[in-house]
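Visitor: Provided herewith is a single structure, encoded as C-alpha cells, for subsequent inquiry.
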Amino acid sequence: MERMSQQRTPDAAAFPELPAYVERVLDVAERIPPGRVMTYGDVAEWLGEGGPRQVGRAMALYGGPVPWWRVVRSDGVLLPGHERRALERYRMEATPLRTAADGSQRLDMRRARWDGAPAEGPTHT
DNA sequence: AGCTTGACCGACC
DNA sequence: TGGTCGGCCAAGC
C-alpha cells in the first residue's frame with residue numbers, strides 16, 4: 001500500500017482502546033464507594049467535560065465491567081431493564097432506598113448521592 | 001449538512 | 001407527585 005499517510009496503531013485493531021472520555025467515566029464509576037451513587041450529571045461535572053447524556057452513552061456502551069449501578073439518574077429511578085440486578089446490589093451495599101407511592105423502590109438521592117468527596121468521617125448526623 | 005435519538009437535567013406548572 | 005418543555009452534547013442516519 002502506498003498510502004501509509006494515515007497513521008493507525010497496529011495494536012489498535014487487536015486491542016481497541018476505549019475513547020479517553022469513556023475511560024475517564026469508567027474510572028469515576030469505579031471510584032464511587034459502595035452504598036453511594038453519582039448521577040450522570042455529577043460524573044460529567046466532576047470530569048469537567050461532556051454532559052450527562054455523554055456519560056449515559058459511555059455507561060450504556062462500556063459500563064458493563066464497572067459498578068454501573070452506582071451511576072444513576074438524578075431522580076433516583078432504577079435503570080430500566082436492570083432494576084432487579086441493581087436492587088440486589090443496593091441491598092447488598094445498604095444503599096439508601098425509598099419506596100414510591102406505587103410501591104416501587106427508588107434511590108434516596110438525598111442520602112445516597114455522593115459528591116466525590118474522599119470520605120465522610122464518622123456520621124455525626 | 002441537517003434531523004433524530006439517547007442508561008440526562010432542571011425548571012415549571 | 002407527576003407530566004411537559006427546553007437545553008445540552010455526541011453519535012447515527
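Here, A, B, ... name the chains of the C-alpha cells in the order displayed, residue numbers run from 1 inside each chain, and ligands are numbered from 1 in the same displayed order.
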Which residues are close to DT5 in chain B, i.e. within 10 Å by only C-alpha atoms (C1' of nucleotides), leaving aside same-chain residues fewer than 2 positions away? Reply as a list in words.

Guide: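 Using only C-alpha atoms (C1' of nucleotides), the neighbours found are DC3 of chain B; DA11 and DG12 of chain C.
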
Visitor: Next, dump the selected residues to file, keeping only N, CA, C and O atoms (P, O5', C5', C4', C3', O3' and C1' of nucleotides), as an mmCIF file, in the first residue's frame.

Guide:
```cif
data_model
loop_
_atom_site.group_PDB
_atom_site.id
_atom_site.type_symbol
_atom_site.label_atom_id
_atom_site.label_comp_id
_atom_site.auth_asym_id
_atom_site.auth_seq_id
_atom_site.Cartn_x
_atom_site.Cartn_y
_atom_site.Cartn_z
ATOM 1 P P DC B 3 -32.709 20.649 9.940
ATOM 2 O "O5'" DC B 3 -32.959 19.135 10.375
ATOM 3 C "C5'" DC B 3 -33.458 18.202 9.422
ATOM 4 C "C4'" DC B 3 -33.841 16.906 10.110
ATOM 5 C "C3'" DC B 3 -34.535 17.110 11.446
ATOM 6 O "O3'" DC B 3 -35.514 16.097 11.625
ATOM 7 C "C1'" DC B 3 -32.502 15.958 11.779
ATOM 8 P P DA C 11 -19.032 11.366 19.660
ATOM 9 O "O5'" DA C 11 -20.246 10.499 19.098
ATOM 10 C "C5'" DA C 11 -20.952 9.672 20.015
ATOM 11 C "C4'" DA C 11 -22.027 8.876 19.316
ATOM 12 C "C3'" DA C 11 -21.613 8.287 17.978
ATOM 13 O "O3'" DA C 11 -22.253 7.031 17.852
ATOM 14 C "C1'" DA C 11 -23.425 9.745 17.654
ATOM 15 P P DG C 12 -21.770 5.989 16.726
ATOM 16 O "O5'" DG C 12 -23.123 5.749 15.915
ATOM 17 C "C5'" DG C 12 -24.105 6.768 15.908
ATOM 18 C "C4'" DG C 12 -25.381 6.266 15.284
ATOM 19 C "C3'" DG C 12 -25.194 5.632 13.910
ATOM 20 O "O3'" DG C 12 -26.287 4.755 13.632
ATOM 21 C "C1'" DG C 12 -26.110 7.820 13.696
#
```

Visitor: Provide as a VMD selection string the residues of chain A at most 12 Å from chain B, counting only C-alpha atoms (C1' of nucleotides).

Guide: chain A and resid 39 to 45 50 to 64 68 to 75 77 to 83

Visitor: Keeping only C-alpha atoms, take the residues you just selected and write them out as a PDB file, in the first residue's frame.

Guide:
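Done, and the output landed in out04.pdb:
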```pdb
ATOM      1  CA  THR A  39     -25.749  10.941  38.871  1.00  0.00           C
ATOM      2  CA  TYR A  40     -24.776  11.071  35.222  1.00  0.00           C
ATOM      3  CA  GLY A  41     -24.671  14.817  35.529  1.00  0.00           C
ATOM      4  CA  ASP A  42     -22.477  14.642  38.597  1.00  0.00           C
ATOM      5  CA  VAL A  43     -19.973  12.477  36.801  1.00  0.00           C
ATOM      6  CA  ALA A  44     -19.910  14.850  33.853  1.00  0.00           C
ATOM      7  CA  GLU A  45     -19.454  17.811  36.143  1.00  0.00           C
ATOM      8  CA  GLY A  50     -19.165  16.477  28.399  1.00  0.00           C
ATOM      9  CA  GLY A  51     -22.674  16.233  29.728  1.00  0.00           C
ATOM     10  CA  PRO A  52     -24.997  13.756  31.411  1.00  0.00           C
ATOM     11  CA  ARG A  53     -26.034  12.283  28.120  1.00  0.00           C
ATOM     12  CA  GLN A  54     -22.493  11.648  27.086  1.00  0.00           C
ATOM     13  CA  VAL A  55     -21.834   9.895  30.375  1.00  0.00           C
ATOM     14  CA  GLY A  56     -25.002   7.896  29.867  1.00  0.00           C
ATOM     15  CA  ARG A  57     -23.840   6.798  26.464  1.00  0.00           C
ATOM     16  CA  ALA A  58     -20.446   5.794  27.771  1.00  0.00           C
ATOM     17  CA  MET A  59     -22.043   3.746  30.525  1.00  0.00           C
ATOM     18  CA  ALA A  60     -24.541   2.159  28.193  1.00  0.00           C
ATOM     19  CA  LEU A  61     -21.858   1.017  25.814  1.00  0.00           C
ATOM     20  CA  TYR A  62     -18.948   0.216  28.082  1.00  0.00           C
ATOM     21  CA  GLY A  63     -20.251   0.326  31.649  1.00  0.00           C
ATOM     22  CA  GLY A  64     -20.613  -3.423  31.968  1.00  0.00           C
ATOM     23  CA  TRP A  68     -22.723   0.635  36.738  1.00  0.00           C
ATOM     24  CA  TRP A  69     -25.437   0.560  39.393  1.00  0.00           C
ATOM     25  CA  ARG A  70     -23.642   3.393  41.183  1.00  0.00           C
ATOM     26  CA  VAL A  71     -24.157   5.760  38.276  1.00  0.00           C
ATOM     27  CA  VAL A  72     -27.788   6.718  38.193  1.00  0.00           C
ATOM     28  CA  ARG A  73     -30.354   9.217  37.102  1.00  0.00           C
ATOM     29  CA  SER A  74     -30.841  12.300  39.197  1.00  0.00           C
ATOM     30  CA  ASP A  75     -34.418  11.388  40.035  1.00  0.00           C
ATOM     31  CA  VAL A  77     -35.263   5.895  39.225  1.00  0.00           C
ATOM     32  CA  LEU A  78     -33.697   2.481  38.799  1.00  0.00           C
ATOM     33  CA  LEU A  79     -32.193   1.625  35.476  1.00  0.00           C
ATOM     34  CA  PRO A  80     -34.958   0.172  33.321  1.00  0.00           C
ATOM     35  CA  GLY A  81     -34.187  -3.398  32.429  1.00  0.00           C
ATOM     36  CA  HIS A  82     -31.677  -3.792  35.218  1.00  0.00           C
ATOM     37  CA  GLU A  83     -33.816  -2.969  38.204  1.00  0.00           C
TER      38      GLU A  83
END
```

Visitor: Just the alpha helix (DSSP H) stuff from range 24-75 of chain A, please, per backbone DSSP, written as a list in words.

Guide: Arg24, Val25, Leu26, Asp27, Val28, Ala29, Glu30, Arg31, Tyr40, Gly41, Asp42, Val43, Ala44, Glu45, Trp46, Leu47, Pro52, Arg53, Gln54, Val55, Gly56, Arg57, Ala58, Met59, Ala60, Leu61 and Tyr62 of chain A

Visitor: With C-alpha atoms kept, could you save the residues just selected as an mmCIF file, in the first residue's frame?

Guide:
```
data_model
loop_
_atom_site.group_PDB
_atom_site.id
_atom_site.type_symbol
_atom_site.label_atom_id
_atom_site.label_comp_id
_atom_site.auth_asym_id
_atom_site.auth_seq_id
_atom_site.Cartn_x
_atom_site.Cartn_y
_atom_site.Cartn_z
ATOM 1 C CA ARG A 24 -12.471 8.609 32.480
ATOM 2 C CA VAL A 25 -16.135 7.929 33.033
ATOM 3 C CA LEU A 26 -15.455 4.320 33.939
ATOM 4 C CA ASP A 27 -12.684 5.427 36.242
ATOM 5 C CA VAL A 28 -15.027 7.673 38.150
ATOM 6 C CA ALA A 29 -17.624 4.929 38.328
ATOM 7 C CA GLU A 30 -15.126 2.576 39.928
ATOM 8 C CA ARG A 31 -14.237 5.269 42.413
ATOM 9 C CA TYR A 40 -24.776 11.071 35.222
ATOM 10 C CA GLY A 41 -24.671 14.817 35.529
ATOM 11 C CA ASP A 42 -22.477 14.642 38.597
ATOM 12 C CA VAL A 43 -19.973 12.477 36.801
ATOM 13 C CA ALA A 44 -19.910 14.850 33.853
ATOM 14 C CA GLU A 45 -19.454 17.811 36.143
ATOM 15 C CA TRP A 46 -16.786 16.048 38.129
ATOM 16 C CA LEU A 47 -14.905 15.304 34.924
ATOM 17 C CA PRO A 52 -24.997 13.756 31.411
ATOM 18 C CA ARG A 53 -26.034 12.283 28.120
ATOM 19 C CA GLN A 54 -22.493 11.648 27.086
ATOM 20 C CA VAL A 55 -21.834 9.895 30.375
ATOM 21 C CA GLY A 56 -25.002 7.896 29.867
ATOM 22 C CA ARG A 57 -23.840 6.798 26.464
ATOM 23 C CA ALA A 58 -20.446 5.794 27.771
ATOM 24 C CA MET A 59 -22.043 3.746 30.525
ATOM 25 C CA ALA A 60 -24.541 2.159 28.193
ATOM 26 C CA LEU A 61 -21.858 1.017 25.814
ATOM 27 C CA TYR A 62 -18.948 0.216 28.082
#
```

Visitor: For Leu97 in chain A, please output as a list in words all residues within 9 Å (counting only C-alpha atoms (C1' of nucleotides); exclusion window: fewer than 4 positions along the same chain).

Guide: Gly76, Tyr90, Arg91, Gln105, Arg106, Leu107, Asp108, Met109, Arg111 and Ala112 of chain A

Visitor: Next, the residues of the selection above should be written as a short mmCIF file (atom, residue, chain, number, x, y, z; two decimals), in the first residue's frame with C-alpha atoms.

Guide:
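Final file, result-v9.cif:
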```cif
data_model
loop_
_atom_site.label_atom_id
_atom_site.label_comp_id
_atom_site.auth_asym_id
_atom_site.auth_seq_id
_atom_site.Cartn_x
_atom_site.Cartn_y
_atom_site.Cartn_z
CA GLY A 76 -33.31 8.10 41.59
CA TYR A 90 -28.24 -1.79 46.62
CA ARG A 91 -29.50 -4.13 49.26
CA GLN A 105 -38.32 1.37 45.02
CA ARG A 106 -36.05 4.20 44.04
CA LEU A 107 -32.80 5.54 45.34
CA ASP A 108 -32.98 8.05 48.13
CA MET A 109 -30.83 10.56 46.34
CA ARG A 111 -28.77 10.39 51.23
CA ALA A 112 -27.18 8.19 48.61
#
```

Visitor: Residues of chain C near chain A: apply a cut-off of 12 Å, count only C-alpha atoms (C1' of nucleotides), and supply the list as a ChimeraX atom specification.

Guide: /C:1-2,7-11

Visitor: Using only N, CA, C and O atoms (P, O5', C5', C4', C3', O3' and C1' of nucleotides), please write the residues we just selected to a file, as a tab-separated table (two decimals), in the first residue's frame.

Guide:
```tsv
chain	number	residue	atom	x	y	z
C	1	DT	P	-43.62	13.19	47.04
C	1	DT	O5'	-44.62	13.03	45.79
C	1	DT	C5'	-45.87	12.40	46.00
C	1	DT	C4'	-46.49	12.10	44.66
C	1	DT	C3'	-45.52	11.48	43.67
C	1	DT	O3'	-46.24	10.53	42.88
C	1	DT	C1'	-46.25	13.58	42.87
C	2	DG	P	-45.57	9.79	41.64
C	2	DG	O5'	-45.96	10.72	40.39
C	2	DG	C5'	-47.31	11.09	40.20
C	2	DG	C4'	-47.45	11.85	38.90
C	2	DG	C3'	-46.53	11.35	37.79
C	2	DG	O3'	-47.25	11.38	36.56
C	2	DG	C1'	-46.15	13.64	38.16
C	7	DG	P	-34.40	26.39	24.52
C	7	DG	O5'	-33.28	25.59	25.32
C	7	DG	C5'	-33.06	25.91	26.68
C	7	DG	C4'	-31.89	25.09	27.22
C	7	DG	C3'	-30.73	24.99	26.22
C	7	DG	O3'	-29.52	25.17	26.94
C	7	DG	C1'	-31.44	22.83	26.84
C	8	DC	P	-28.17	25.38	26.08
C	8	DC	O5'	-27.39	24.02	26.33
C	8	DC	C5'	-27.59	23.33	27.52
C	8	DC	C4'	-26.87	21.99	27.49
C	8	DC	C3'	-25.85	21.87	26.36
C	8	DC	O3'	-24.57	21.56	26.88
C	8	DC	C1'	-27.42	20.04	26.35
C	9	DC	P	-23.28	21.90	25.98
C	9	DC	O5'	-22.91	20.45	25.42
C	9	DC	C5'	-22.61	19.43	26.34
C	9	DC	C4'	-22.37	18.13	25.61
C	9	DC	C3'	-21.60	18.29	24.30
C	9	DC	O3'	-20.63	17.27	24.23
C	9	DC	C1'	-23.62	17.16	23.89
C	10	DA	P	-19.40	17.43	23.20
C	10	DA	O5'	-19.39	15.99	22.54
C	10	DA	C5'	-20.57	15.54	22.02
C	10	DA	C4'	-20.65	14.04	22.02
C	10	DA	C3'	-20.11	13.45	20.72
C	10	DA	O3'	-19.72	12.11	20.90
C	10	DA	C1'	-22.49	13.39	20.75
C	11	DA	P	-19.03	11.37	19.66
C	11	DA	O5'	-20.25	10.50	19.10
C	11	DA	C5'	-20.95	9.67	20.02
C	11	DA	C4'	-22.03	8.88	19.32
C	11	DA	C3'	-21.61	8.29	17.98
C	11	DA	O3'	-22.25	7.03	17.85
C	11	DA	C1'	-23.42	9.74	17.65
```
